[in-house]
file coords06.cif (mmCIF, C-alpha atoms)
data_target
loop_
_atom_site.group_PDB
_atom_site.id
_atom_site.type_symbol
_atom_site.label_atom_id
_atom_site.label_comp_id
_atom_site.auth_asym_id
_atom_site.auth_seq_id
_atom_site.Cartn_x
_atom_site.Cartn_y
_atom_site.Cartn_z
ATOM 1 C CA MET A 270 -6.124 21.974 2.879
ATOM 2 C CA ALA A 271 -6.582 18.197 2.943
ATOM 3 C CA THR A 272 -4.761 16.157 0.299
ATOM 4 C CA PRO A 273 -7.235 14.358 -2.004
ATOM 5 C CA VAL A 274 -6.291 10.661 -2.141
ATOM 6 C CA ILE A 275 -7.639 7.468 -3.634
ATOM 7 C CA LEU A 276 -6.568 4.210 -2.004
ATOM 8 C CA ASP A 277 -6.011 1.087 -4.087
ATOM 9 C CA VAL A 278 -6.053 -1.881 -1.707
ATOM 10 C CA ASP A 279 -6.048 -5.663 -1.344
ATOM 11 C CA THR A 280 -7.428 -5.414 2.149
ATOM 12 C CA GLY A 281 -5.540 -7.674 4.428
ATOM 13 C CA VAL A 282 -4.352 -6.848 7.923
ATOM 14 C CA ASP A 283 -2.191 -3.801 7.206
ATOM 15 C CA ASP A 284 -4.453 -2.401 4.475
ATOM 16 C CA ALA A 285 -7.162 -2.325 7.140
ATOM 17 C CA LEU A 286 -4.844 -0.327 9.409
ATOM 18 C CA ALA A 287 -4.092 2.017 6.497
ATOM 19 C CA ILE A 288 -7.785 2.589 5.758
ATOM 20 C CA LEU A 289 -8.475 3.404 9.413
ATOM 21 C CA PHE A 290 -5.639 5.942 9.412
ATOM 22 C CA ALA A 291 -6.583 7.547 6.093
ATOM 23 C CA VAL A 292 -10.223 8.004 7.100
ATOM 24 C CA ALA A 293 -9.250 9.406 10.499
ATOM 25 C CA HIS A 294 -6.561 11.936 9.562
ATOM 26 C CA PRO A 295 -7.891 15.455 8.935
ATOM 27 C CA ASP A 296 -5.181 16.201 6.355
ATOM 28 C CA LEU A 297 -6.405 13.448 4.032
ATOM 29 C CA ASP A 298 -9.573 13.541 1.924
ATOM 30 C CA VAL A 299 -10.342 9.958 0.869
ATOM 31 C CA LEU A 300 -12.222 10.297 -2.429
ATOM 32 C CA GLY A 301 -12.636 6.568 -2.993
ATOM 33 C CA ILE A 302 -11.165 3.100 -2.529
ATOM 34 C CA THR A 303 -10.528 0.589 -5.279
ATOM 35 C CA CYS A 304 -9.919 -3.099 -4.666
ATOM 36 C CA VAL A 305 -7.702 -5.678 -6.320
ATOM 37 C CA ALA A 306 -6.880 -9.325 -5.634
ATOM 38 C CA GLY A 307 -3.668 -9.792 -3.678
ATOM 39 C CA ASN A 308 -3.628 -10.617 0.014
ATOM 40 C CA ALA A 309 -6.995 -12.321 -0.524
ATOM 41 C CA SER A 310 -9.487 -12.930 -3.339
ATOM 42 C CA LEU A 311 -11.146 -9.887 -4.878
ATOM 43 C CA GLU A 312 -14.529 -10.735 -3.333
ATOM 44 C CA GLN A 313 -12.964 -11.039 0.120
ATOM 45 C CA VAL A 314 -10.988 -7.820 -0.332
ATOM 46 C CA VAL A 315 -14.145 -5.867 -1.187
ATOM 47 C CA ASP A 316 -16.049 -7.277 1.793
ATOM 48 C CA ASN A 317 -13.143 -6.564 4.157
ATOM 49 C CA THR A 318 -12.883 -2.993 2.886
ATOM 50 C CA LEU A 319 -16.567 -2.271 3.425
ATOM 51 C CA ARG A 320 -16.485 -3.704 6.943
ATOM 52 C CA VAL A 321 -13.403 -1.670 7.877
ATOM 53 C CA LEU A 322 -15.130 1.503 6.678
ATOM 54 C CA ASP A 323 -18.013 0.643 9.004
ATOM 55 C CA ALA A 324 -15.585 0.166 11.884
ATOM 56 C CA ALA A 325 -14.162 3.626 11.181
ATOM 57 C CA ALA A 326 -17.651 5.177 11.042
ATOM 58 C CA ALA A 327 -16.604 6.558 7.649
ATOM 59 C CA GLY A 328 -18.893 8.543 5.421
ATOM 60 C CA ASP A 329 -20.131 7.417 2.016
ATOM 61 C CA ILE A 330 -16.750 6.672 0.437
ATOM 62 C CA PRO A 331 -17.219 4.907 -2.922
ATOM 63 C CA VAL A 332 -15.659 1.454 -3.181
ATOM 64 C CA ALA A 333 -15.255 -0.494 -6.432
ATOM 65 C CA ALA A 334 -13.933 -3.924 -7.365
ATOM 66 C CA GLY A 335 -11.182 -4.188 -9.957
ATOM 67 C CA ALA A 336 -8.832 -6.861 -11.242
ATOM 68 C CA HIS A 337 -9.294 -10.368 -9.879
ATOM 69 C CA ARG A 338 -5.820 -11.492 -10.973
ATOM 70 C CA PRO A 339 -2.500 -10.074 -12.233
ATOM 71 C CA LEU A 340 -2.054 -9.022 -15.864
ATOM 72 C CA ILE A 341 -0.217 -12.217 -16.819
ATOM 73 C CA ALA A 342 0.509 -14.473 -13.841
ATOM 74 C CA PRO A 343 -2.116 -16.370 -11.823
ATOM 75 C CA ALA A 344 -3.321 -14.908 -8.523
ATOM 76 C CA ARG A 345 -1.389 -16.054 -5.451
ATOM 77 C CA SER A 346 -2.855 -15.021 -2.102
ATOM 78 C CA ALA A 347 -0.911 -14.232 1.067
ATOM 79 C CA SER A 348 -3.242 -16.237 3.320
ATOM 80 C CA HIS A 349 -0.241 -17.662 5.199
ATOM 81 C CA VAL A 350 0.317 -14.117 6.514
ATOM 82 C CA HIS A 351 -3.167 -12.568 6.521
ATOM 83 C CA GLY A 352 -5.306 -15.659 7.137
ATOM 84 C CA ALA A 353 -7.968 -17.149 4.890
ATOM 85 C CA ASP A 354 -10.222 -14.119 5.430
ATOM 86 C CA GLY A 355 -7.431 -11.590 4.868
ATOM 87 C CA LEU A 356 -7.908 -10.053 8.315
ATOM 88 C CA GLY A 357 -6.123 -12.627 10.438
ATOM 89 C CA GLY A 358 -9.384 -13.996 11.814
ATOM 90 C CA LEU A 359 -10.680 -10.613 12.984
ATOM 91 C CA VAL A 360 -14.483 -10.777 13.106
ATOM 92 C CA LEU A 361 -16.157 -7.549 12.018
ATOM 93 C CA PRO A 362 -19.951 -7.147 11.845
ATOM 94 C CA ALA A 363 -21.730 -7.638 8.537
ATOM 95 C CA THR A 364 -22.151 -4.424 6.583
ATOM 96 C CA ARG A 365 -24.976 -2.812 4.637
ATOM 97 C CA ARG A 366 -22.479 -0.947 2.492
ATOM 98 C CA THR A 367 -22.166 -2.116 -1.085
ATOM 99 C CA ALA A 368 -19.536 -1.641 -3.742
ATOM 100 C CA ARG A 369 -20.320 0.604 -6.696
ATOM 101 C CA PRO A 370 -21.401 -1.248 -9.849
ATOM 102 C CA GLU A 371 -18.645 0.338 -11.960
ATOM 103 C CA HIS A 372 -15.224 -1.247 -12.397
ATOM 104 C CA ALA A 373 -12.390 0.121 -10.273
ATOM 105 C CA VAL A 374 -10.653 1.518 -13.364
ATOM 106 C CA GLU A 375 -13.731 3.555 -14.272
ATOM 107 C CA LEU A 376 -14.160 4.812 -10.711
ATOM 108 C CA LEU A 377 -10.493 5.844 -10.664
ATOM 109 C CA ARG A 378 -10.845 7.706 -13.947
ATOM 110 C CA ARG A 379 -14.026 9.486 -12.889
ATOM 111 C CA LEU A 380 -12.703 10.562 -9.498
ATOM 112 C CA ILE A 381 -9.445 11.823 -11.010
ATOM 113 C CA MET A 382 -10.978 13.681 -13.947
ATOM 114 C CA ASP A 383 -13.814 15.219 -11.932
ATOM 115 C CA ARG A 384 -11.434 16.783 -9.414
ATOM 116 C CA ALA A 385 -10.246 20.345 -9.978
ATOM 117 C CA GLU A 386 -6.845 19.720 -8.389
ATOM 118 C CA PRO A 387 -4.477 16.769 -8.975
ATOM 119 C CA VAL A 388 -5.123 13.610 -6.955
ATOM 120 C CA THR A 389 -2.632 11.411 -5.077
ATOM 121 C CA LEU A 390 -3.039 7.679 -5.706
ATOM 122 C CA VAL A 391 -1.983 5.420 -2.845
ATOM 123 C CA ALA A 392 -1.144 1.933 -4.089
ATOM 124 C CA LEU A 393 -1.158 -0.478 -1.135
ATOM 125 C CA ALA A 394 -1.559 -3.600 -3.268
ATOM 126 C CA PRO A 395 -0.385 -5.176 -6.500
ATOM 127 C CA GLN A 396 -0.630 -2.383 -9.069
ATOM 128 C CA THR A 397 -2.863 -4.166 -11.578
ATOM 129 C CA ASN A 398 -5.718 -1.638 -11.351
ATOM 130 C CA LEU A 399 -3.355 1.300 -11.784
ATOM 131 C CA ALA A 400 -1.602 -0.260 -14.771
ATOM 132 C CA LEU A 401 -4.965 -0.899 -16.443
ATOM 133 C CA LEU A 402 -6.009 2.687 -15.702
ATOM 134 C CA LEU A 403 -2.855 4.228 -17.163
ATOM 135 C CA ARG A 404 -2.980 2.060 -20.284
ATOM 136 C CA THR A 405 -6.731 2.429 -20.853
ATOM 137 C CA HIS A 406 -7.051 6.112 -19.948
ATOM 138 C CA PRO A 407 -3.618 7.752 -20.450
ATOM 139 C CA GLU A 408 -5.248 11.181 -20.175
ATOM 140 C CA VAL A 409 -5.410 10.762 -16.377
ATOM 141 C CA ALA A 410 -1.614 10.866 -16.012
ATOM 142 C CA GLY A 411 -1.535 14.652 -16.109
ATOM 143 C CA ARG A 412 -4.155 14.856 -13.367
ATOM 144 C CA ILE A 413 -2.269 12.670 -10.887
ATOM 145 C CA GLU A 414 -0.103 14.533 -8.363
ATOM 146 C CA ARG A 415 1.926 11.396 -7.627
ATOM 147 C CA ILE A 416 1.570 7.705 -6.886
ATOM 148 C CA VAL A 417 2.598 6.612 -3.399
ATOM 149 C CA VAL A 418 3.505 2.941 -3.722
ATOM 150 C CA MET A 419 3.790 0.529 -0.820
ATOM 151 C CA GLY A 420 5.976 -1.878 -2.646
ATOM 152 C CA GLY A 421 9.464 -2.774 -3.701
ATOM 153 C CA SER A 422 12.754 -2.736 -1.839
ATOM 154 C CA ALA A 423 16.241 -1.349 -2.228
ATOM 155 C CA SER A 424 17.571 -4.310 -0.246
ATOM 156 C CA VAL A 425 15.942 -7.637 0.673
ATOM 157 C CA GLY A 426 12.621 -9.093 -0.409
ATOM 158 C CA ASN A 427 9.863 -10.995 1.367
ATOM 159 C CA ALA A 428 7.990 -12.857 -1.372
ATOM 160 C CA THR A 429 11.383 -14.007 -2.657
ATOM 161 C CA ALA A 430 14.915 -13.283 -1.523
ATOM 162 C CA VAL A 431 14.883 -10.083 -3.604
ATOM 163 C CA ALA A 432 11.228 -9.279 -4.392
ATOM 164 C CA GLU A 433 8.576 -7.598 -2.231
ATOM 165 C CA PHE A 434 5.081 -9.153 -2.394
ATOM 166 C CA ASN A 435 3.062 -6.374 -4.055
ATOM 167 C CA VAL A 436 5.539 -5.947 -6.905
ATOM 168 C CA TRP A 437 6.229 -9.686 -7.173
ATOM 169 C CA HIS A 438 2.489 -10.459 -7.425
ATOM 170 C CA ASP A 439 2.217 -8.409 -10.637
ATOM 171 C CA PRO A 440 5.615 -7.135 -11.794
ATOM 172 C CA GLU A 441 4.343 -6.244 -15.267
ATOM 173 C CA ALA A 442 1.795 -3.891 -13.690
ATOM 174 C CA ALA A 443 4.450 -2.312 -11.460
ATOM 175 C CA ALA A 444 6.739 -1.785 -14.461
ATOM 176 C CA ILE A 445 3.929 0.006 -16.319
ATOM 177 C CA VAL A 446 3.199 2.269 -13.341
ATOM 178 C CA PHE A 447 6.855 3.130 -12.663
ATOM 179 C CA ASP A 448 7.414 3.947 -16.341
ATOM 180 C CA ALA A 449 4.209 5.959 -16.901
ATOM 181 C CA GLY A 450 5.772 9.371 -16.422
ATOM 182 C CA VAL A 451 3.829 10.060 -13.217
ATOM 183 C CA PRO A 452 5.902 10.920 -10.100
ATOM 184 C CA VAL A 453 6.289 7.801 -7.933
ATOM 185 C CA TYR A 454 7.160 7.626 -4.221
ATOM 186 C CA MET A 455 8.319 4.128 -3.219
ATOM 187 C CA TYR A 456 7.670 3.176 0.401
ATOM 188 C CA GLY A 457 9.335 -0.225 0.339
ATOM 189 C CA LEU A 458 10.549 -2.874 2.734
ATOM 190 C CA ASP A 459 13.522 -0.747 3.792
ATOM 191 C CA VAL A 460 11.110 1.319 5.894
ATOM 192 C CA PHE A 461 8.061 -0.983 5.985
ATOM 193 C CA ASN A 462 9.918 -3.487 8.164
ATOM 194 C CA ARG A 463 10.864 -0.900 10.788
ATOM 195 C CA VAL A 464 7.627 0.784 11.926
ATOM 196 C CA SER A 465 5.961 -1.285 14.623
ATOM 197 C CA VAL A 466 3.972 -1.110 17.844
ATOM 198 C CA ALA A 467 5.295 -2.848 20.958
ATOM 199 C CA ALA A 468 3.497 -6.046 21.935
ATOM 200 C CA ASP A 469 2.411 -4.770 25.351
ATOM 201 C CA ARG A 470 0.844 -1.681 23.748
ATOM 202 C CA ALA A 471 -1.020 -3.749 21.153
ATOM 203 C CA HIS A 472 -2.269 -6.177 23.809
ATOM 204 C CA ALA A 473 -3.469 -3.281 25.982
ATOM 205 C CA LEU A 474 -5.413 -1.862 23.034
ATOM 206 C CA GLU A 475 -6.961 -5.244 22.326
ATOM 207 C CA ARG A 476 -8.196 -5.458 25.933
ATOM 208 C CA GLY A 477 -9.274 -1.817 26.159
ATOM 209 C CA ASP A 478 -12.610 -0.018 26.036
ATOM 210 C CA HIS A 479 -12.159 1.751 22.700
ATOM 211 C CA SER A 480 -13.781 -0.245 19.889
ATOM 212 C CA VAL A 481 -11.368 0.937 17.188
ATOM 213 C CA GLY A 482 -8.466 0.424 19.584
ATOM 214 C CA ARG A 483 -9.536 -3.180 20.093
ATOM 215 C CA ILE A 484 -9.629 -3.717 16.316
ATOM 216 C CA VAL A 485 -6.202 -2.118 15.906
ATOM 217 C CA GLY A 486 -4.774 -4.186 18.743
ATOM 218 C CA GLU A 487 -6.087 -7.407 17.250
ATOM 219 C CA LEU A 488 -4.836 -6.532 13.762
ATOM 220 C CA LEU A 489 -1.391 -5.687 15.107
ATOM 221 C CA GLY A 490 -1.371 -8.952 17.017
ATOM 222 C CA SER A 491 -2.121 -10.902 13.867
ATOM 223 C CA ARG A 492 1.027 -9.670 12.149
ATOM 224 C CA ILE A 493 2.614 -13.070 12.596
ATOM 225 C CA ALA A 494 5.750 -14.256 10.825
ATOM 226 C CA LEU A 495 6.084 -18.030 10.592
ATOM 227 C CA SER A 496 9.710 -19.052 10.743
ATOM 228 C CA GLU A 497 11.042 -22.232 9.187
ATOM 229 C CA ASP A 498 10.366 -24.210 12.354
ATOM 230 C CA GLU A 499 6.785 -22.849 12.394
ATOM 231 C CA HIS A 500 7.057 -20.945 15.672
ATOM 232 C CA ALA A 501 4.905 -17.822 15.661
ATOM 233 C CA GLU A 502 6.572 -14.476 16.310
ATOM 234 C CA TYR A 503 4.957 -11.113 17.078
ATOM 235 C CA THR A 504 5.998 -8.299 14.735
ATOM 236 C CA GLY A 505 3.488 -5.485 15.402
ATOM 237 C CA LEU A 506 4.190 -3.884 12.025
ATOM 238 C CA ILE A 507 1.772 -1.194 10.888
ATOM 239 C CA GLY A 508 2.808 -2.106 7.345
ATOM 240 C CA ASP A 509 0.841 -0.358 4.598
ATOM 241 C CA ALA A 510 -0.376 2.249 7.081
ATOM 242 C CA GLY A 511 3.155 3.641 7.169
ATOM 243 C CA ALA A 512 2.926 4.570 3.488
ATOM 244 C CA VAL A 513 -0.193 6.631 4.224
ATOM 245 C CA CYS A 514 1.504 8.197 7.256
ATOM 246 C CA SER A 515 4.327 9.329 4.978
ATOM 247 C CA ILE A 516 1.913 11.579 3.090
ATOM 248 C CA VAL A 517 1.103 13.675 6.158
ATOM 249 C CA GLU A 518 4.496 13.377 7.914
ATOM 250 C CA PRO A 519 7.085 13.372 5.095
ATOM 251 C CA ALA A 520 9.806 14.782 7.364
ATOM 252 C CA ALA A 521 9.800 11.489 9.291
ATOM 253 C CA LEU A 522 11.442 9.754 6.331
ATOM 254 C CA ARG A 523 14.700 10.124 4.430
ATOM 255 C CA THR A 524 14.315 9.689 0.700
ATOM 256 C CA GLU A 525 16.545 9.739 -2.348
ATOM 257 C CA ARG A 526 15.649 10.121 -6.008
ATOM 258 C CA ARG A 527 17.059 7.038 -7.673
ATOM 259 C CA PRO A 528 16.682 5.158 -10.981
ATOM 260 C CA VAL A 529 14.509 2.074 -10.417
ATOM 261 C CA ARG A 530 13.766 -0.848 -12.708
ATOM 262 C CA VAL A 531 11.331 -3.729 -12.146
ATOM 263 C CA GLU A 532 12.769 -7.117 -13.095
ATOM 264 C CA LEU A 533 10.376 -9.248 -15.148
ATOM 265 C CA ALA A 534 12.179 -12.571 -15.576
ATOM 266 C CA GLY A 535 14.313 -15.192 -13.899
ATOM 267 C CA LEU A 536 15.156 -15.469 -10.219
ATOM 268 C CA GLY A 537 14.947 -11.690 -9.909
ATOM 269 C CA ARG A 538 11.358 -11.472 -11.184
ATOM 270 C CA GLY A 539 9.527 -8.843 -9.141
ATOM 271 C CA GLN A 540 12.699 -7.240 -7.783
ATOM 272 C CA THR A 541 12.947 -3.452 -7.801
ATOM 273 C CA LEU A 542 16.527 -2.740 -8.815
ATOM 274 C CA VAL A 543 17.459 0.583 -7.214
ATOM 275 C CA ASP A 544 20.578 2.196 -8.669
ATOM 276 C CA ARG A 545 22.305 3.767 -5.664
ATOM 277 C CA ARG A 546 25.653 4.419 -7.360
ATOM 278 C CA GLU A 547 27.184 7.861 -6.906
ATOM 279 C CA PHE A 548 28.840 7.788 -10.335
ATOM 280 C CA ALA A 549 27.795 6.369 -13.690
ATOM 281 C CA GLY A 550 29.162 2.931 -14.493
ATOM 282 C CA GLU A 551 30.300 1.331 -17.722
ATOM 283 C CA ASP A 552 26.716 0.377 -18.592
ATOM 284 C CA VAL A 553 25.778 4.071 -18.718
ATOM 285 C CA VAL A 554 29.025 5.351 -20.208
ATOM 286 C CA HIS A 555 28.894 2.902 -23.092
ATOM 287 C CA GLY A 556 25.137 3.243 -23.681
ATOM 288 C CA LEU A 557 24.402 -0.393 -22.851
ATOM 289 C CA VAL A 558 21.117 0.271 -21.023
ATOM 290 C CA ASP A 559 18.060 2.427 -21.607
ATOM 291 C CA PRO A 560 17.364 5.094 -18.981
ATOM 292 C CA TRP A 561 15.458 3.832 -15.935
ATOM 293 C CA PRO A 562 12.518 5.718 -14.395
ATOM 294 C CA VAL A 563 13.641 7.989 -11.545
ATOM 295 C CA VAL A 564 11.683 7.331 -8.352
ATOM 296 C CA GLU A 565 11.651 8.917 -4.894
ATOM 297 C CA VAL A 566 12.710 6.005 -2.681
ATOM 298 C CA ALA A 567 12.221 5.960 1.101
ATOM 299 C CA LEU A 568 15.406 4.585 2.658
ATOM 300 C CA ASP A 569 15.197 5.537 6.334
ATOM 301 C CA VAL A 570 12.429 6.374 8.804
ATOM 302 C CA ASP A 571 11.919 7.744 12.297
ATOM 303 C CA ALA A 572 9.984 4.632 13.240
ATOM 304 C CA ASP A 573 8.837 5.807 16.675
ATOM 305 C CA ARG A 574 7.532 9.079 15.260
ATOM 306 C CA VAL A 575 5.484 7.326 12.568
ATOM 307 C CA ALA A 576 4.134 4.718 15.014
ATOM 308 C CA ARG A 577 3.003 7.501 17.380
ATOM 309 C CA LEU A 578 1.348 9.367 14.525
ATOM 310 C CA PHE A 579 -0.498 6.219 13.498
ATOM 311 C CA LEU A 580 -1.787 5.393 16.984
ATOM 312 C CA ASP A 581 -2.725 8.967 17.882
ATOM 313 C CA THR A 582 -4.712 9.257 14.647
ATOM 314 C CA VAL A 583 -6.648 5.995 14.683
ATOM 315 C CA LEU A 584 -7.465 6.286 18.378
ATOM 316 C CA ALA A 585 -9.137 9.627 17.639
ATOM 317 C CA LEU A 586 -11.826 7.761 15.687
ATOM 318 C CA PRO A 587 -15.160 7.504 17.514
ATOM 319 C CA SER A 588 -15.631 4.427 19.648
ATOM 320 C CA GLY A 589 -18.739 2.341 19.219
ATOM 321 C CA ALA A 590 -18.141 0.439 22.430
#

call {"tool": "encode", "arguments": {"input": "coords06.cif", "output": "structure tokens"}}
result
Amino acid sequence: MATPVILDVDTGVDDALAILFAVAHPDLDVLGITCVAGNASLEQVVDNTLRVLDAAAAGDIPVAAGAHRPLIAPARSASHVHGADGLGGLVLPATRRTARPEHAVELLRRLIMDRAEPVTLVALAPQTNLALLLRTHPEVAGRIERIVVMGGSASVGNATAVAEFNVWHDPEAAAIVFDAGVPVYMYGLDVFNRVSVAADRAHALERGDHSVGRIVGELLGSRIALSEDEHAEYTGLIGDAGAVCSIVEPAALRTERRPVRVELAGLGRGQTLVDRREFAGEDVVHGLVDPWPVVEVALDVDADRVARLFLDTVLALPSGA
């Protein structure tokens, strides 16, 4: 039986890859997609999402716009990574699809409460919409199977030396979600940075006959990291799509249940502190800290297995060539 999921996205390059995968995989039932500002402005994110659904020949999946900025901080786009349009310059045809008139929070609540079985939320963006949902409609918490978060890190950051972008963009929202009492699965940079497609494979897709393959190849090719001397470097990361892959292929990852806290101030703002100690320290023994939420943290991944799963799935989508 397919897992019912709702995607919460800030559709940039890797969100687009994640949407293509989620729509294509038979073990996932995409109930809806909600949008939030992050990689690009909210208006751009909504438009990108609708166009990607067209490219996937998806059915009538409801899409709704949500928060246009974080709870407290100003919005800060990732256009230096995803381009001004969020899709790295990928040109997709105009769409006749339209977003639903209701706010993303209301769409989330309705889809969750109307479903007989619990729903999995897949947070591929700053968690502003989810924080607003859980604070405005706390009754939904018991109807959520778990929240799969592409965010955080048990090691290095990317937005800062210690903070991953999605959590850093709205750390207050992430703290609310992690502490809401709903099971959380954290697919962070420890595994995000390892699942990639080789450059020759991506270039072959981009030049191929399959329309979705060409889109995937171009999106993979736009995963460009600008180093300090401004030389472009191919990465080929599938990014957010890996978090969705983890739902259908959990055995490809090694996880540990660990206490996690989101830092909200100072140089560590946006960092996910993951307590990986084997034994309690003085802070615990002497009661100097409150208990942290316990989160399932992905720490290792069979990168080749996940990359194959991703490509095999998206290339099964119909071609409109």

call {"tool": "closest_residue", "arguments": {"input": "coords06.cif", "among": "A:Leu390, A:Val575, A:Ala585, A:Val425", "to": "Pro452 of chain A", "atoms": "all atoms listed in the file"}}
result
A:Leu390

call {"tool": "resolve_selection", "arguments": {"input": "coords06.cif", "expression": "the PyMOL selection byres ((chain A and resi 564) around 12)", "output": "PDB file with C-alpha atoms, in the frame of the given file"}}
result
ATOM      1  CA  ARG A 415       1.926  11.396  -7.627  1.00  0.00           C
ATOM      2  CA  ILE A 416       1.570   7.705  -6.886  1.00  0.00           C
ATOM      3  CA  VAL A 417       2.598   6.612  -3.399  1.00  0.00           C
ATOM      4  CA  VAL A 418       3.505   2.941  -3.722  1.00  0.00           C
ATOM      5  CA  GLY A 421       9.464  -2.774  -3.701  1.00  0.00           C
ATOM      6  CA  ALA A 423      16.241  -1.349  -2.228  1.00  0.00           C
ATOM      7  CA  VAL A 446       3.199   2.269 -13.341  1.00  0.00           C
ATOM      8  CA  PHE A 447       6.855   3.130 -12.663  1.00  0.00           C
ATOM      9  CA  ASP A 448       7.414   3.947 -16.341  1.00  0.00           C
ATOM     10  CA  ALA A 449       4.209   5.959 -16.901  1.00  0.00           C
ATOM     11  CA  GLY A 450       5.772   9.371 -16.422  1.00  0.00           C
ATOM     12  CA  VAL A 451       3.829  10.060 -13.217  1.00  0.00           C
ATOM     13  CA  PRO A 452       5.902  10.920 -10.100  1.00  0.00           C
ATOM     14  CA  VAL A 453       6.289   7.801  -7.933  1.00  0.00           C
ATOM     15  CA  TYR A 454       7.160   7.626  -4.221  1.00  0.00           C
ATOM     16  CA  MET A 455       8.319   4.128  -3.219  1.00  0.00           C
ATOM     17  CA  TYR A 456       7.670   3.176   0.401  1.00  0.00           C
ATOM     18  CA  GLY A 457       9.335  -0.225   0.339  1.00  0.00           C
ATOM     19  CA  THR A 524      14.315   9.689   0.700  1.00  0.00           C
ATOM     20  CA  GLU A 525      16.545   9.739  -2.348  1.00  0.00           C
ATOM     21  CA  ARG A 526      15.649  10.121  -6.008  1.00  0.00           C
ATOM     22  CA  ARG A 527      17.059   7.038  -7.673  1.00  0.00           C
ATOM     23  CA  PRO A 528      16.682   5.158 -10.981  1.00  0.00           C
ATOM     24  CA  VAL A 529      14.509   2.074 -10.417  1.00  0.00           C
ATOM     25  CA  ARG A 530      13.766  -0.848 -12.708  1.00  0.00           C
ATOM     26  CA  VAL A 531      11.331  -3.729 -12.146  1.00  0.00           C
ATOM     27  CA  THR A 541      12.947  -3.452  -7.801  1.00  0.00           C
ATOM     28  CA  LEU A 542      16.527  -2.740  -8.815  1.00  0.00           C
ATOM     29  CA  VAL A 543      17.459   0.583  -7.214  1.00  0.00           C
ATOM     30  CA  ASP A 544      20.578   2.196  -8.669  1.00  0.00           C
ATOM     31  CA  ARG A 545      22.305   3.767  -5.664  1.00  0.00           C
ATOM     32  CA  TRP A 561      15.458   3.832 -15.935  1.00  0.00           C
ATOM     33  CA  PRO A 562      12.518   5.718 -14.395  1.00  0.00           C
ATOM     34  CA  VAL A 563      13.641   7.989 -11.545  1.00  0.00           C
ATOM     35  CA  GLU A 565      11.651   8.917  -4.894  1.00  0.00           C
ATOM     36  CA  VAL A 566      12.710   6.005  -2.681  1.00  0.00           C
ATOM     37  CA  ALA A 567      12.221   5.960   1.101  1.00  0.00           C
ATOM     38  CA  LEU A 568      15.406   4.585   2.658  1.00  0.00           C
TER      39      LEU A 568
END

call {"tool": "closest_residue", "arguments": {"input": "coords06.cif", "among": "A:Val315, A:Ala326, A:Ala373, A:Val282", "to": "Ser491 of chain A", "atoms": "all atoms listed in the file"}}
result
A:Val282

call {"tool": "closest_atom_pairs", "arguments": {"input": "coords06.cif", "of": "segment 272-358 of chain A", "to": "segment 378-384 of chain A", "cutoff": "10 Å", "atoms": "all atoms listed in the file", "output": "JSON lines"}}
result
{"residue": "A:Pro273", "atom": "CA", "partner": "A:Arg384", "partner_atom": "CA", "distance": 8.9}
{"residue": "A:Val274", "atom": "CA", "partner": "A:Ile381", "partner_atom": "CA", "distance": 9.5}
{"residue": "A:Ile275", "atom": "CA", "partner": "A:Leu380", "partner_atom": "CA", "distance": 8.3}
{"residue": "A:Leu300", "atom": "CA", "partner": "A:Leu380", "partner_atom": "CA", "distance": 7.1}
{"residue": "A:Gly301", "atom": "CA", "partner": "A:Leu380", "partner_atom": "CA", "distance": 7.6}
{"residue": "A:Pro331", "atom": "CA", "partner": "A:Leu380", "partner_atom": "CA", "distance": 9.8}

call {"tool": "closest_residue", "arguments": {"input": "coords06.cif", "among": "A:Ala549, A:Ala285, A:Leu536, A:Leu376", "to": "Val485 of chain A", "atoms": "all atoms listed in the file"}}
result
A:Ala285

call {"tool": "atom_distance", "arguments": {"input": "coords06.cif", "atom1": "atom CA of Ala444 of chain A", "atom2": "atom CA of Arg463 of chain A"}}
result
25.6 Å

call {"tool": "closest_residue", "arguments": {"input": "coords06.cif", "among": "A:Glu547, A:Glu487, A:Glu475, A:Glu532", "to": "Ala443 of chain A", "atoms": "only C-alpha atoms"}}
result
A:Glu532

call {"tool": "axis_aligned_box", "arguments": {"input": "coords06.cif", "around": "segment 504-523 of chain A", "padding_each_side": "8 Å", "output": "lines of an AutoDock Vina configuration file"}}
result
center_x = 7.2
center_y = 3.2
center_z = 9.2
size_x = 31.1
size_y = 39.1
size_z = 28.3

call {"tool": "closest_residue", "arguments": {"input": "coords06.cif", "among": "A:Val464, A:Ala271, A:Met419, A:Leu311", "to": "Pro339 of chain A", "atoms": "all atoms listed in the file"}}
result
A:Leu311

call {"tool": "atom_distance", "arguments": {"input": "coords06.cif", "atom1": "atom CA of Asp439 of chain A", "atom2": "atom CA of Arg546 of chain A"}}
result
26.9 Å

call {"tool": "atom_distance", "arguments": {"input": "coords06.cif", "atom1": "atom CA of Pro587 of chain A", "atom2": "atom CA of Asn462 of chain A"}}
result
28.9 Å

call {"tool": "closest_residue", "arguments": {"input": "coords06.cif", "among": "A:Ala342, A:Leu377, A:Val481, A:Leu522", "to": "Trp437 of chain A", "atoms": "all atoms listed in the file"}}
result
A:Ala342

call {"tool": "resolve_selection", "arguments": {"input": "coords06.cif", "expression": "the PyMOL selection byres ((chain A and resi 295) around 10)", "output": "ChimeraX atom specification"}}
result
/A:270-272,290-294,296-298,517,582

call {"tool": "write_last_selection", "arguments": {"input": "coords06.cif", "atoms": "C-alpha atoms", "output": "CSV table (one decimal), keeping the file's coordinate frame"}}
result
chain,number,residue,atom,x,y,z
A,270,MET,CA,-6.1,22.0,2.9
A,271,ALA,CA,-6.6,18.2,2.9
A,272,THR,CA,-4.8,16.2,0.3
A,290,PHE,CA,-5.6,5.9,9.4
A,291,ALA,CA,-6.6,7.5,6.1
A,292,VAL,CA,-10.2,8.0,7.1
A,293,ALA,CA,-9.2,9.4,10.5
A,294,HIS,CA,-6.6,11.9,9.6
A,296,ASP,CA,-5.2,16.2,6.4
A,297,LEU,CA,-6.4,13.4,4.0
A,298,ASP,CA,-9.6,13.5,1.9
A,517,VAL,CA,1.1,13.7,6.2
A,582,THR,CA,-4.7,9.3,14.6
